[in-house]
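Structure file target_27.cif with mmCIF, C-alpha atoms:
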```
data_my_file
#
loop_
_atom_site.group_PDB
_atom_site.id
_atom_site.type_symbol
_atom_site.label_atom_id
_atom_site.label_comp_id
_atom_site.auth_asym_id
_atom_site.auth_seq_id
_atom_site.Cartn_x
_atom_site.Cartn_y
_atom_site.Cartn_z
ATOM 1 C CA MET A 8 -95.605 66.445 1.874
ATOM 2 C CA ALA A 9 -94.292 64.313 -0.994
ATOM 3 C CA ASN A 10 -92.284 61.095 -0.837
ATOM 4 C CA ILE A 11 -89.936 59.089 -3.051
ATOM 5 C CA LEU A 12 -90.413 55.313 -2.777
ATOM 6 C CA HIS A 13 -88.399 52.444 -4.285
ATOM 7 C CA ARG A 14 -88.017 48.673 -4.003
ATOM 8 C CA ILE A 15 -85.092 46.529 -5.105
ATOM 9 C CA GLY A 16 -84.303 42.870 -4.496
ATOM 10 C CA ILE A 17 -80.706 41.789 -4.073
ATOM 11 C CA LYS A 18 -79.864 38.168 -4.839
ATOM 12 C CA THR A 19 -77.923 37.234 -1.714
ATOM 13 C CA SER A 20 -78.517 35.239 1.444
ATOM 14 C CA SER A 21 -76.636 37.751 3.585
ATOM 15 C CA ILE A 22 -78.840 40.508 4.959
ATOM 16 C CA ASP A 23 -75.827 41.507 7.084
ATOM 17 C CA GLU A 24 -73.805 42.304 3.977
ATOM 18 C CA VAL A 25 -76.541 44.615 2.696
ATOM 19 C CA TYR A 26 -76.832 46.241 6.131
ATOM 20 C CA ARG A 27 -73.051 46.826 6.154
ATOM 21 C CA ALA A 28 -73.274 48.548 2.757
ATOM 22 C CA LEU A 29 -75.597 51.091 4.413
ATOM 23 C CA THR A 30 -73.727 51.529 7.702
ATOM 24 C CA THR A 31 -70.011 51.672 6.874
ATOM 25 C CA ARG A 32 -67.960 54.214 4.959
ATOM 26 C CA ASP A 33 -66.549 51.607 2.573
ATOM 27 C CA GLY A 34 -69.992 50.181 1.921
ATOM 28 C CA LEU A 35 -71.589 53.559 1.205
ATOM 29 C CA ALA A 36 -68.631 54.649 -0.939
ATOM 30 C CA GLY A 37 -69.095 51.484 -2.969
ATOM 31 C CA TRP A 38 -72.511 52.368 -4.337
ATOM 32 C CA TRP A 39 -73.454 56.033 -3.681
ATOM 33 C CA THR A 40 -70.372 58.249 -3.890
ATOM 34 C CA THR A 41 -66.678 57.492 -3.520
ATOM 35 C CA ASP A 42 -66.357 60.836 -1.664
ATOM 36 C CA THR A 43 -67.966 59.657 1.593
ATOM 37 C CA LYS A 44 -66.677 60.707 5.018
ATOM 38 C CA GLY A 45 -67.923 59.202 8.294
ATOM 39 C CA GLU A 46 -69.066 55.701 9.122
ATOM 40 C CA GLY A 47 -72.808 55.761 9.751
ATOM 41 C CA SER A 48 -72.507 52.802 12.091
ATOM 42 C CA HIS A 49 -73.811 54.526 15.259
ATOM 43 C CA VAL A 50 -76.863 56.650 15.947
ATOM 44 C CA GLY A 51 -75.745 60.284 15.972
ATOM 45 C CA ASP A 52 -72.937 59.764 13.435
ATOM 46 C CA ILE A 53 -72.723 62.437 10.760
ATOM 47 C CA VAL A 54 -71.913 61.087 7.294
ATOM 48 C CA ALA A 55 -70.839 63.549 4.584
ATOM 49 C CA PHE A 56 -71.570 62.555 0.981
ATOM 50 C CA ARG A 57 -70.068 64.741 -1.736
ATOM 51 C CA PHE A 58 -70.731 64.808 -5.495
ATOM 52 C CA GLY A 59 -68.243 67.259 -7.001
ATOM 53 C CA ALA A 60 -69.046 70.647 -5.460
ATOM 54 C CA GLY A 61 -72.310 69.748 -3.719
ATOM 55 C CA GLY A 62 -73.561 67.018 -1.463
ATOM 56 C CA PHE A 63 -75.413 66.057 1.687
ATOM 57 C CA ASP A 64 -74.677 65.567 5.389
ATOM 58 C CA MET A 65 -76.763 62.896 7.081
ATOM 59 C CA ASN A 66 -77.380 62.442 10.780
ATOM 60 C CA VAL A 67 -77.941 58.763 11.570
ATOM 61 C CA LYS A 68 -81.264 58.752 13.425
ATOM 62 C CA LYS A 69 -82.163 55.077 13.710
ATOM 63 C CA LEU A 70 -80.328 51.750 13.394
ATOM 64 C CA HIS A 71 -81.903 48.353 13.997
ATOM 65 C CA ALA A 72 -79.419 45.790 12.665
ATOM 66 C CA PRO A 73 -79.952 44.263 10.179
ATOM 67 C CA ASN A 74 -83.380 45.649 9.238
ATOM 68 C CA GLN A 75 -83.597 49.425 9.555
ATOM 69 C CA VAL A 76 -81.443 52.441 8.756
ATOM 70 C CA GLU A 77 -82.736 55.998 8.980
ATOM 71 C CA TRP A 78 -80.978 59.278 8.267
ATOM 72 C CA GLU A 79 -82.052 62.881 8.614
ATOM 73 C CA VAL A 80 -80.605 65.332 6.093
ATOM 74 C CA VAL A 81 -78.877 68.096 8.087
ATOM 75 C CA ALA A 82 -76.982 69.876 5.287
ATOM 76 C CA GLY A 83 -77.327 70.076 1.512
ATOM 77 C CA PRO A 84 -79.715 71.598 -1.026
ATOM 78 C CA GLU A 85 -82.517 73.559 0.628
ATOM 79 C CA GLU A 86 -85.152 71.074 -0.639
ATOM 80 C CA TRP A 87 -83.387 68.199 1.165
ATOM 81 C CA ILE A 88 -82.924 69.808 4.593
ATOM 82 C CA GLY A 89 -85.140 68.132 7.180
ATOM 83 C CA THR A 90 -86.179 65.306 4.889
ATOM 84 C CA THR A 91 -85.762 61.711 6.098
ATOM 85 C CA ILE A 92 -84.234 58.745 4.283
ATOM 86 C CA ASN A 93 -85.211 55.262 5.389
ATOM 87 C CA PHE A 94 -84.018 51.809 4.317
ATOM 88 C CA GLU A 95 -85.965 48.728 5.399
ATOM 89 C CA LEU A 96 -84.322 45.332 4.760
ATOM 90 C CA LYS A 97 -86.018 41.943 4.802
ATOM 91 C CA GLN A 98 -85.537 38.482 3.336
ATOM 92 C CA ASP A 99 -87.930 37.165 0.686
ATOM 93 C CA GLY A 100 -86.891 33.787 -0.745
ATOM 94 C CA ASP A 101 -83.517 34.128 -2.494
ATOM 95 C CA TYR A 102 -83.567 37.922 -2.202
ATOM 96 C CA ILE A 103 -82.895 40.607 0.360
ATOM 97 C CA ILE A 104 -85.548 43.230 -0.320
ATOM 98 C CA VAL A 105 -84.701 46.885 0.249
ATOM 99 C CA LEU A 106 -87.686 49.191 0.708
ATOM 100 C CA PHE A 107 -86.446 52.741 0.316
ATOM 101 C CA LYS A 108 -88.204 55.954 1.331
ATOM 102 C CA HIS A 109 -87.093 59.585 1.003
ATOM 103 C CA LEU A 110 -89.820 61.275 3.012
ATOM 104 C CA ASN A 111 -91.269 64.713 3.649
ATOM 105 C CA TRP A 112 -90.316 66.809 0.643
ATOM 106 C CA LYS A 113 -92.193 70.098 1.077
ATOM 107 C CA GLU A 114 -93.149 70.332 -2.612
ATOM 108 C CA PRO A 115 -93.009 67.924 -5.597
ATOM 109 C CA VAL A 116 -90.581 70.228 -7.435
ATOM 110 C CA GLU A 117 -88.771 69.294 -10.671
ATOM 111 C CA PHE A 118 -85.613 68.586 -8.641
ATOM 112 C CA MET A 119 -87.580 65.940 -6.716
ATOM 113 C CA HIS A 120 -88.471 64.222 -10.019
ATOM 114 C CA HIS A 121 -84.732 64.114 -10.800
ATOM 115 C CA CYS A 122 -83.795 62.785 -7.356
ATOM 116 C CA SER A 123 -86.436 60.057 -7.593
ATOM 117 C CA THR A 124 -84.951 58.666 -10.812
ATOM 118 C CA LYS A 125 -81.417 59.097 -9.499
ATOM 119 C CA TRP A 126 -82.221 57.161 -6.285
ATOM 120 C CA ALA A 127 -83.417 54.253 -8.465
ATOM 121 C CA ILE A 128 -80.094 54.324 -10.311
ATOM 122 C CA PHE A 129 -78.081 54.363 -7.076
ATOM 123 C CA LEU A 130 -80.163 51.556 -5.543
ATOM 124 C CA MET A 131 -79.406 49.495 -8.655
ATOM 125 C CA SER A 132 -75.748 50.324 -7.974
ATOM 126 C CA LEU A 133 -76.177 48.936 -4.429
ATOM 127 C CA LYS A 134 -77.699 45.777 -5.943
ATOM 128 C CA SER A 135 -74.756 45.472 -8.325
ATOM 129 C CA LEU A 136 -72.224 46.018 -5.518
ATOM 130 C CA ILE A 137 -73.609 43.106 -3.506
ATOM 131 C CA GLU A 138 -74.322 40.764 -6.418
ATOM 132 C CA THR A 139 -71.123 41.342 -8.420
ATOM 133 C CA GLY A 140 -68.709 43.061 -6.027
ATOM 134 C CA LYS A 141 -68.800 46.220 -8.140
ATOM 135 C CA GLY A 142 -71.127 49.191 -7.755
ATOM 136 C CA HIS A 143 -71.385 52.352 -9.852
ATOM 137 C CA PRO A 144 -70.982 55.164 -7.308
ATOM 138 C CA ASN A 145 -70.425 58.797 -8.238
ATOM 139 C CA PRO A 146 -68.351 59.774 -10.250
ATOM 140 C CA VAL A 147 -68.885 56.622 -12.362
ATOM 141 C CA ASP A 148 -72.663 56.655 -11.795
ATOM 142 C CA VAL A 149 -75.161 56.265 -14.637
ATOM 143 C CA LYS A 150 -76.210 59.738 -15.868
ATOM 144 C CA ILE A 151 -79.926 60.349 -16.314
ATOM 145 C CA ASP A 152 -80.307 63.956 -17.511
ATOM 146 C CA ASN A 153 -78.631 67.372 -17.859
ATOM 147 C CA TRP A 154 -78.474 67.704 -14.048
ATOM 148 C CA ASN A 155 -76.444 64.495 -13.917
ATOM 149 C CA MET B 1 -103.048 59.990 -2.610
ATOM 150 C CA ALA B 2 -99.461 59.068 -3.496
ATOM 151 C CA ASN B 3 -97.527 59.831 -6.665
ATOM 152 C CA ILE B 4 -94.521 58.488 -8.544
ATOM 153 C CA LEU B 5 -92.339 61.199 -10.120
ATOM 154 C CA HIS B 6 -89.332 60.929 -12.440
ATOM 155 C CA ARG B 7 -87.154 63.110 -14.679
ATOM 156 C CA ILE B 8 -84.880 62.010 -17.513
ATOM 157 C CA GLY B 9 -83.012 64.012 -20.134
ATOM 158 C CA ILE B 10 -82.613 62.584 -23.617
ATOM 159 C CA LYS B 11 -79.716 63.873 -25.703
ATOM 160 C CA THR B 12 -81.513 64.721 -28.933
ATOM 161 C CA SER B 13 -82.691 67.820 -30.731
ATOM 162 C CA SER B 14 -85.935 66.146 -31.860
ATOM 163 C CA ILE B 15 -88.756 66.554 -29.371
ATOM 164 C CA ASP B 16 -90.995 65.071 -32.093
ATOM 165 C CA GLU B 17 -89.064 61.800 -31.994
ATOM 166 C CA VAL B 18 -89.586 61.518 -28.228
ATOM 167 C CA TYR B 19 -93.275 62.374 -28.636
ATOM 168 C CA ARG B 20 -93.613 59.641 -31.290
ATOM 169 C CA ALA B 21 -92.082 57.113 -28.882
ATOM 170 C CA LEU B 22 -95.015 57.847 -26.545
ATOM 171 C CA THR B 23 -97.795 57.982 -29.134
ATOM 172 C CA THR B 24 -97.196 55.138 -31.605
ATOM 173 C CA ARG B 25 -97.288 51.391 -31.175
ATOM 174 C CA ASP B 26 -93.764 50.918 -32.538
ATOM 175 C CA GLY B 27 -92.412 53.642 -30.294
ATOM 176 C CA LEU B 28 -94.038 52.264 -27.141
ATOM 177 C CA ALA B 29 -93.027 48.687 -28.021
ATOM 178 C CA GLY B 30 -89.448 49.918 -28.366
ATOM 179 C CA TRP B 31 -89.013 50.898 -24.712
ATOM 180 C CA TRP B 32 -91.846 49.583 -22.494
ATOM 181 C CA THR B 33 -93.055 46.204 -23.721
ATOM 182 C CA THR B 34 -92.806 44.503 -27.095
ATOM 183 C CA ASP B 35 -96.350 43.180 -26.484
ATOM 184 C CA THR B 36 -98.146 46.479 -27.149
ATOM 185 C CA LYS B 37 -101.436 46.686 -29.059
ATOM 186 C CA GLY B 38 -103.024 49.968 -30.162
ATOM 187 C CA GLU B 39 -101.454 53.208 -31.298
ATOM 188 C CA GLY B 40 -102.037 55.838 -28.633
ATOM 189 C CA SER B 41 -101.974 58.575 -31.246
ATOM 190 C CA HIS B 42 -105.531 59.864 -30.714
ATOM 191 C CA VAL B 43 -107.471 60.875 -27.636
ATOM 192 C CA GLY B 44 -109.769 57.986 -26.737
ATOM 193 C CA ASP B 45 -107.431 55.287 -28.121
ATOM 194 C CA ILE B 46 -107.046 52.246 -25.909
ATOM 195 C CA VAL B 47 -103.514 50.863 -25.769
ATOM 196 C CA ALA B 48 -102.962 47.397 -24.280
ATOM 197 C CA PHE B 49 -99.563 46.723 -22.719
ATOM 198 C CA ARG B 50 -98.809 43.138 -21.712
ATOM 199 C CA PHE B 51 -95.969 41.685 -19.611
ATOM 200 C CA GLY B 52 -96.319 37.915 -19.732
ATOM 201 C CA ALA B 53 -99.665 37.135 -18.108
ATOM 202 C CA GLY B 54 -100.478 40.584 -16.716
ATOM 203 C CA GLY B 55 -100.519 44.112 -17.999
ATOM 204 C CA PHE B 56 -102.375 47.381 -18.344
ATOM 205 C CA ASP B 57 -104.911 49.003 -20.660
ATOM 206 C CA MET B 58 -104.552 52.757 -21.042
ATOM 207 C CA ASN B 59 -107.140 55.206 -22.299
ATOM 208 C CA VAL B 60 -105.443 58.169 -23.970
ATOM 209 C CA LYS B 61 -106.923 61.182 -22.170
ATOM 210 C CA LYS B 62 -104.821 64.103 -23.377
ATOM 211 C CA LEU B 63 -102.434 64.794 -26.253
ATOM 212 C CA HIS B 64 -100.762 68.138 -26.926
ATOM 213 C CA ALA B 65 -98.060 67.450 -29.528
ATOM 214 C CA PRO B 66 -95.186 67.512 -28.852
ATOM 215 C CA ASN B 67 -95.381 68.400 -25.136
ATOM 216 C CA GLN B 68 -98.029 66.408 -23.278
ATOM 217 C CA VAL B 69 -99.299 62.828 -23.167
ATOM 218 C CA GLU B 70 -101.741 61.615 -20.539
ATOM 219 C CA TRP B 71 -103.257 58.172 -20.014
ATOM 220 C CA GLU B 72 -105.813 56.843 -17.595
ATOM 221 C CA VAL B 73 -105.404 53.232 -16.499
ATOM 222 C CA VAL B 74 -108.673 51.434 -17.318
ATOM 223 C CA ALA B 75 -107.603 47.806 -16.771
ATOM 224 C CA GLY B 76 -104.822 46.096 -14.842
ATOM 225 C CA PRO B 77 -103.863 45.441 -11.227
ATOM 226 C CA GLU B 78 -106.414 46.833 -8.788
ATOM 227 C CA GLU B 79 -103.913 49.374 -7.433
ATOM 228 C CA TRP B 80 -103.454 50.875 -10.925
ATOM 229 C CA ILE B 81 -107.101 51.279 -11.915
ATOM 230 C CA GLY B 82 -108.080 54.936 -12.074
ATOM 231 C CA THR B 83 -104.530 56.201 -11.695
ATOM 232 C CA THR B 84 -103.192 58.685 -14.252
ATOM 233 C CA ILE B 85 -99.890 58.628 -16.132
ATOM 234 C CA ASN B 86 -98.544 61.895 -17.501
ATOM 235 C CA PHE B 87 -95.518 62.693 -19.653
ATOM 236 C CA GLU B 88 -94.420 66.325 -20.080
ATOM 237 C CA LEU B 89 -91.749 67.022 -22.720
ATOM 238 C CA LYS B 90 -89.638 70.169 -23.065
ATOM 239 C CA GLN B 91 -86.316 71.236 -24.518
ATOM 240 C CA ASP B 92 -83.466 72.270 -22.202
ATOM 241 C CA GLY B 93 -80.204 72.937 -24.046
ATOM 242 C CA ASP B 94 -79.017 69.764 -25.779
ATOM 243 C CA TYR B 95 -81.656 67.644 -24.032
ATOM 244 C CA ILE B 96 -85.320 66.835 -24.302
ATOM 245 C CA ILE B 97 -86.493 66.604 -20.710
ATOM 246 C CA VAL B 98 -89.254 64.132 -19.840
ATOM 247 C CA LEU B 99 -91.112 64.862 -16.611
ATOM 248 C CA PHE B 100 -93.034 61.731 -15.695
ATOM 249 C CA LYS B 101 -95.880 61.394 -13.203
ATOM 250 C CA HIS B 102 -97.912 58.351 -12.177
ATOM 251 C CA LEU B 103 -100.588 60.020 -10.077
ATOM 252 C CA ASN B 104 -103.265 59.162 -7.555
ATOM 253 C CA TRP B 105 -102.256 55.847 -6.025
ATOM 254 C CA LYS B 106 -104.708 55.273 -3.180
ATOM 255 C CA GLU B 107 -102.020 53.951 -0.804
ATOM 256 C CA PRO B 108 -98.187 53.868 -0.859
ATOM 257 C CA VAL B 109 -98.174 50.048 -0.868
ATOM 258 C CA GLU B 110 -95.072 47.898 -1.375
ATOM 259 C CA PHE B 111 -96.129 47.315 -5.003
ATOM 260 C CA MET B 112 -95.975 51.090 -5.541
ATOM 261 C CA HIS B 113 -92.337 51.094 -4.333
ATOM 262 C CA HIS B 114 -91.626 48.391 -6.957
ATOM 263 C CA CYS B 115 -93.427 50.272 -9.738
ATOM 264 C CA SER B 116 -91.554 53.488 -8.924
ATOM 265 C CA THR B 117 -88.165 51.826 -9.411
ATOM 266 C CA LYS B 118 -89.404 49.964 -12.473
ATOM 267 C CA TRP B 119 -90.672 53.192 -14.106
ATOM 268 C CA ALA B 120 -87.161 54.653 -13.686
ATOM 269 C CA ILE B 121 -85.733 51.606 -15.461
ATOM 270 C CA PHE B 122 -88.236 51.873 -18.335
ATOM 271 C CA LEU B 123 -87.673 55.638 -18.719
ATOM 272 C CA MET B 124 -83.943 54.896 -19.014
ATOM 273 C CA SER B 125 -84.963 52.407 -21.716
ATOM 274 C CA LEU B 126 -86.811 55.242 -23.521
ATOM 275 C CA LYS B 127 -83.662 57.384 -23.242
ATOM 276 C CA SER B 128 -81.594 54.542 -24.683
ATOM 277 C CA LEU B 129 -84.065 53.961 -27.523
ATOM 278 C CA ILE B 130 -83.797 57.578 -28.704
ATOM 279 C CA GLU B 131 -80.079 58.029 -28.096
ATOM 280 C CA THR B 132 -78.845 54.692 -29.461
ATOM 281 C CA GLY B 133 -81.746 53.274 -31.472
ATOM 282 C CA LYS B 134 -82.111 50.397 -29.017
ATOM 283 C CA GLY B 135 -84.322 50.270 -25.924
ATOM 284 C CA HIS B 136 -84.715 47.511 -23.346
ATOM 285 C CA PRO B 137 -88.457 46.783 -23.345
ATOM 286 C CA ASN B 138 -90.035 43.792 -21.623
ATOM 287 C CA PRO B 139 -89.070 40.921 -21.932
ATOM 288 C CA VAL B 140 -85.446 42.134 -22.170
ATOM 289 C CA ASP B 141 -85.949 44.780 -19.481
ATOM 290 C CA VAL B 142 -83.546 45.218 -16.575
ATOM 291 C CA LYS B 143 -84.806 43.208 -13.582
ATOM 292 C CA ILE B 144 -84.902 44.965 -10.223
ATOM 293 C CA ASP B 145 -86.270 42.453 -7.705
ATOM 294 C CA ASN B 146 -88.148 39.168 -7.196
ATOM 295 C CA TRP B 147 -91.302 40.692 -8.713
ATOM 296 C CA ASN B 148 -89.341 41.401 -11.908
#
```
Output the file's structure in the form of structure tokens.
Amino acid sequence: MANILHRIGIKTSSIDEVYRALTTRDGLAGWWTTDTKGEGSHVGDIVAFRFGAGGFDMNVKKLHAPNQVEWEVVAGPEEWIGTTINFELKQDGDYIIVLFKHLNWKEPVEFMHHCSTKWAIFLMSLKSLIETGKGHPNPVDVKIDNWN
Amino acid sequence: MANILHRIGIKTSSIDEVYRALTTRDGLAGWWTTDTKGEGSHVGDIVAFRFGAGGFDMNVKKLHAPNQVEWEVVAGPEEWIGTTINFELKQDGDYIIVLFKHLNWKEPVEFMHHCSTKWAIFLMSLKSLIETGKGHPNPVDVKIDNWN
């Protein structure tokens, strides 16, 4: 199994605001993709994220406000199905730290390399959303390669 | 063992220009850190990268122009020692694709999460250097958290 790991620090005193950006439709649409359907605020919620033609459906598996959010991918590209996405939030001085994990890829395929870089870009969009009020969600996301 | 993987696509027809940015002092100083000593253009070269007080020394292990560059970390933070950094370059349409791997971390520690995100930021700096003539190397790199 192969995993994608990231760490960002968001300059804010409000861990609740960061948690809300991961557990509400408006929050998620503000940094990942504007085409988000579903709330993600209760365990068992299905949230549908779309990027043009494709996208992902997430089943909310775990919520411990304001520190933990976990999704299981239930629809999307074959490589994503059954993988787990986990956000851990904690305060460290003037920052809320987000530890991100996209776990249990079957193989470290080229598409996983792409998704790793792209997750970094979207987490920086989350940081920007909280710090400045403005994220860069799809379709105005920063492009990294010929796959977007 | 845990690995960091990334993929960027650089809009250029010159794979040689990307290869030079990985195998010359001026190239490396243009996207990773301005405080770079050594060339990295021959197997066995030691290149010293510094970021303020800390940094890394790399031993160039493998060079196959213009497609492969591999370094072994011979000095730096304990978690980096003995890890391997590999760049694979290839053309895909209008892009030069860079597949990046930082291999063989002993444990997926919090510092590895940080380095994964930071590598994405520096690879985007490499992309910017080639596409626009201007990278964002340390100390003008994009900050991601309270560790820099």
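The space between atom CA of His136 of chain B and atom CA of Leu28 of chain B spans 11.1 Å.
Pairwise distance (atom CA of Gly30 of chain B, atom CA of Val74 of chain B) equals 22.2 Å.
Under the PyMOL selection byres ((chain A) within 6 of (chain B)), the matching residues in the shown file are Leu12, His13, Arg14, Ile15, Gly16, His120, His121, Ser123, Thr124, Ala127, Ile151, Asp152 and Asn153 of chain A.
For the choices A:Ala82, A:Ala28, A:Ile22, A:Leu96, the atom-to-atom distance to Val54 of chain A is smallest for A:Ala82 when using all atoms listed in the file.
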Given the file above and the PyMOL selection byres ((chain A and resi 140) around 12), which residues are selected, and can you give them as a PDB file with C-alpha atoms, in the frame of the given file?
```pdb
ATOM      1  CA  THR A  19     -77.923  37.234  -1.714  1.00  0.00           C
ATOM      2  CA  GLU A  24     -73.805  42.304   3.977  1.00  0.00           C
ATOM      3  CA  VAL A  25     -76.541  44.615   2.696  1.00  0.00           C
ATOM      4  CA  ALA A  28     -73.274  48.548   2.757  1.00  0.00           C
ATOM      5  CA  GLY A  34     -69.992  50.181   1.921  1.00  0.00           C
ATOM      6  CA  GLY A  37     -69.095  51.484  -2.969  1.00  0.00           C
ATOM      7  CA  TRP A  38     -72.511  52.368  -4.337  1.00  0.00           C
ATOM      8  CA  SER A 132     -75.748  50.324  -7.974  1.00  0.00           C
ATOM      9  CA  LEU A 133     -76.177  48.936  -4.429  1.00  0.00           C
ATOM     10  CA  LYS A 134     -77.699  45.777  -5.943  1.00  0.00           C
ATOM     11  CA  SER A 135     -74.756  45.472  -8.325  1.00  0.00           C
ATOM     12  CA  LEU A 136     -72.224  46.018  -5.518  1.00  0.00           C
ATOM     13  CA  ILE A 137     -73.609  43.106  -3.506  1.00  0.00           C
ATOM     14  CA  GLU A 138     -74.322  40.764  -6.418  1.00  0.00           C
ATOM     15  CA  THR A 139     -71.123  41.342  -8.420  1.00  0.00           C
ATOM     16  CA  LYS A 141     -68.800  46.220  -8.140  1.00  0.00           C
ATOM     17  CA  GLY A 142     -71.127  49.191  -7.755  1.00  0.00           C
ATOM     18  CA  HIS A 143     -71.385  52.352  -9.852  1.00  0.00           C
TER      19      HIS A 143
END
```
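Atom pair atom CA of Lys68 of chain A / atom CA of Val50 of chain A: separated by 5.5 Å.
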With 8 Å added on each side, what axis-aligned box encloses every listed atom of segment 132-137 of chain B? Give the centre and edge lengths in Å to one decimal, as AutoDock Vina command-line options.
```
--center_x -83.7 --center_y 50.7 --center_z -27.4 --size_x 25.6 --size_y 23.9 --size_z 24.1
```
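The protein and nucleic acid residues lying at most 12 Å from Gly89 of chain A are Met8, Phe63, Asp64, Met65, Asn66, Lys68, Trp78, Glu79, Val80, Val81, Ala82, Gly83, Pro84, Glu85, Glu86, Trp87, Thr91, Ile92, His109, Leu110, Asn111, Trp112 and Lys113 of chain A, with all atoms listed in the file considered and sequence neighbours fewer than 2 positions away removed.
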